Amino acid sequence: MNNNKIIEENKNKNILTREEERRLIEQAQKGSKEAREELILKNQGLVMLIASKYRSSNYNLSFDDYIQVGNIGLMTAIDKFDLSQDTKLSTYAIWWINQRIIRTIQDYGRTIRIPANLHESIFKYKKEIQQLQQELNRYPTPEEIFKKLGYSKKNIERFENMQMELLSLDSTIGEEDKDSLLNFISDDRQNPNTLVMQKSLREELIKVIDLVIPQERDNSIIKYRYGLLDKDPMTLEEIGSLYGLTRERIRQIEEKGLNKIRLSKETERLLSFFSNADTIAKNLEEQRRKEYQTKKTNKNNRKISNEVKKKKKDKQKQKTKEEQDKIISQQKLEATPTVLKETPRKAKNESIEILKTPQLEETILTSSPKEATIALLKLGYVNDTYFSTEDIADFLKIEKQEVVEATKEILEKYKENIICDVDNIIDHLPDKKIRM
């Protein structure tokens with residue numbers, strides 16, 4: 001039977017008189033089951049009316065559940081009713097029925113139980129939101145809720161999340177109820193076979209790197225860069241700080257190492273891990289062929305370039321040291337102040353004398369005029385004298401730290417040029433002549 005119809009029928013039943021009600025309550029409190037059942041039956045309409053208020057609530061309870069717990073509240077009211085008070089049972093029972101239903105909702109209305117005090121806060125929040133929704137004729141925004149009700153953004157999100165309905169993964173979807181929700185949720189976990197395959201590929205890749213790049217530093221840089229040492233992949237800056245190298249130098253080592261791996265025959269050991277192994281092998285062979293042609297062309301170009309450089313160096317060697325000093329002095333130091341001329345000459349720095357090659361001079365002369373002037377004075381190119389940092393700073397009207405940084409910058413450039421030249425020499429030496 002329809003619940004609404006039951007409510008209407010109970011409304012139309014004969015209501016007990018004050019004397020009949022008190023007589024039945026007195027008998028029920030003394031243990032009469034018949035009197036208790038009659039009181040429950042006569043007040044069933046009240047229980048159903050109160051229970052209907054909770055019918056539309058989003059809880060895991062049915063309307064019959066609300067009626068059952070409402071009747072328990074009604075029985076509590078019968079037992080606790082004070083016959084000395086001049087009031088009706090229905091008036092007294094309303095609070096007990098509501099209290100029992102609310103407590104049941106708090107304990108069993110949600111899949112995940114929340115504390116009673118928090119549940120009351122949510123109930124109050126929902127009631128206030130409903131009133132605000134009626135005023136605006138739409139659901140209010142978080143800003144409007146905060147402005148009108150004073151709830152913080154954190155509490156609003158908390159209350160809204162707690163009102164969300166929880167669904168079982170076994171709940172059915174569709175009109176025929178053949179598919180469950182679990183069938184539509186993807187599993188992000190990797191397949192065990194895939195994990196084993198990735199582990200094997202990782203081990204083989206490490207073996208290839210060890211064979212192709214035997215140099216310990218370059219080998220480790222490649223592994224750090226791509227997270228092959230049981231760590232997350234590292235950036236160029238992080239690896240550079242680890243080895244005391246610049247970001248650009250790390251990039252050069254990485255590019256060089258990857259190119260060696262790509263063009264090495266050892267890479268064929270990894271083809272079995274890929275479904276399109278034939279295509280990959282064909283592409284690698286094509287890259288090796290192009291790399292061979294490029295190296296051949298570059299070798300010829302370098303040969304021509306080296307011949308040009310050799311002629312240039314031979315021409316420079318024809319000039320005397322006095323002429324070179326004169327040219328340097330005219331280009332970078334048009335006039336030397338008295339304070340520098342009168343500075344006592346210091347002993348030659350043997351370590352710097354070793355570094356004073358034509359390549360260092362070229363590095364100095366290609367720098368800015370200010371940096372070149374500092375380097376020439378600091379490294380003993382002017383009158384074969386090593387001027388102090390303080391004298392150079394006073395002469396150029398700059399800070400001493402700037403003198404130190406400029407000298408260091410030029411020596412760093414010189415160092416990078418030497419490293420690049422050594423790498424080029426190694427790349428073009430026959431493999432049989434290299435001793436590891």
# chains A, B, ... in the order shown; residues from 1 in each chain; ligands from 1

$ residues_around --residues "Ile72 of chain A" --least-positions-apart "5" --cutoff "9 Å" --atoms "only C-alpha atoms" --output "PyMOL selection string"
chain A and resi 67+77+96-97+100

$ select_by_dssp --residues "segment 29-231 of chain A" --states "alpha helix (DSSP H)" --output "PyMOL selection string"
chain A and resi 29+33-42+44-52+63-80+89-108+116-136+142-149+153-162+192-212+216-225

$ atom_distance --atom1 "atom CA of Gly240 of chain A" --atom2 "atom CA of Glu255 of chain A"
14.5 Å

$ residues_around --residues "segment 388-391 of chain A" --least-positions-apart "4" --cutoff "7 Å" --atoms "only C-alpha atoms" --output "JSON, numbers by chain"
{"A": [340, 378, 395, 400, 403]}

$ closest_residue --among "A:Met197, A:Ile250, A:Ile25, A:Leu205" --to "Ile221 of chain A" --atoms "only C-alpha atoms"
A:Ile250

$ residues_around --residues "Val69 of chain A" --least-positions-apart "4" --cutoff "12 Å" --atoms "only C-alpha atoms" --output "count of residues only"
24

$ atom_distance --atom1 "atom CA of Tyr139 of chain A" --atom2 "atom CA of Asn60 of chain A"
24.1 Å

$ atom_distance --atom1 "atom CA of Phe274 of chain A" --atom2 "atom CA of Arg217 of chain A"
29.5 Å

$ residues_around --residues "Glu143 of chain A" --least-positions-apart "6" --cutoff "10 Å" --atoms "only C-alpha atoms" --output "list in words"
Leu149, Gly150, Tyr151, Ser152, Lys153 and Ile156 of chain A

$ residues_around --residues "Glu19 of chain A" --least-positions-apart "6" --cutoff "12 Å" --atoms "only C-alpha atoms" --output "list in words"
Ile25, Glu26, Leu83, Asp86, Thr87, Lys88 and Leu89 of chain A

$ write_last_selection --atoms "C-alpha atoms" --output "PDB file, in the first residue's frame"
ATOM      1  CA  ILE A  25      -0.432   4.850  29.186  1.00  0.00           C
ATOM      2  CA  GLU A  26      -0.879   3.851  32.841  1.00  0.00           C
ATOM      3  CA  LEU A  83       1.000  11.323  33.968  1.00  0.00           C
ATOM      4  CA  ASP A  86      -1.272  18.102  31.737  1.00  0.00           C
ATOM      5  CA  THR A  87      -0.080  17.365  28.185  1.00  0.00           C
ATOM      6  CA  LYS A  88      -0.870  14.932  25.381  1.00  0.00           C
ATOM      7  CA  LEU A  89       1.274  11.931  24.525  1.00  0.00           C
TER       8      LEU A  89
END

$ closest_residue --among "A:Gly70, A:Gln401, A:Ile122, A:Tyr54" --to "Ile40 of chain A" --atoms "only C-alpha atoms"
A:Gly70
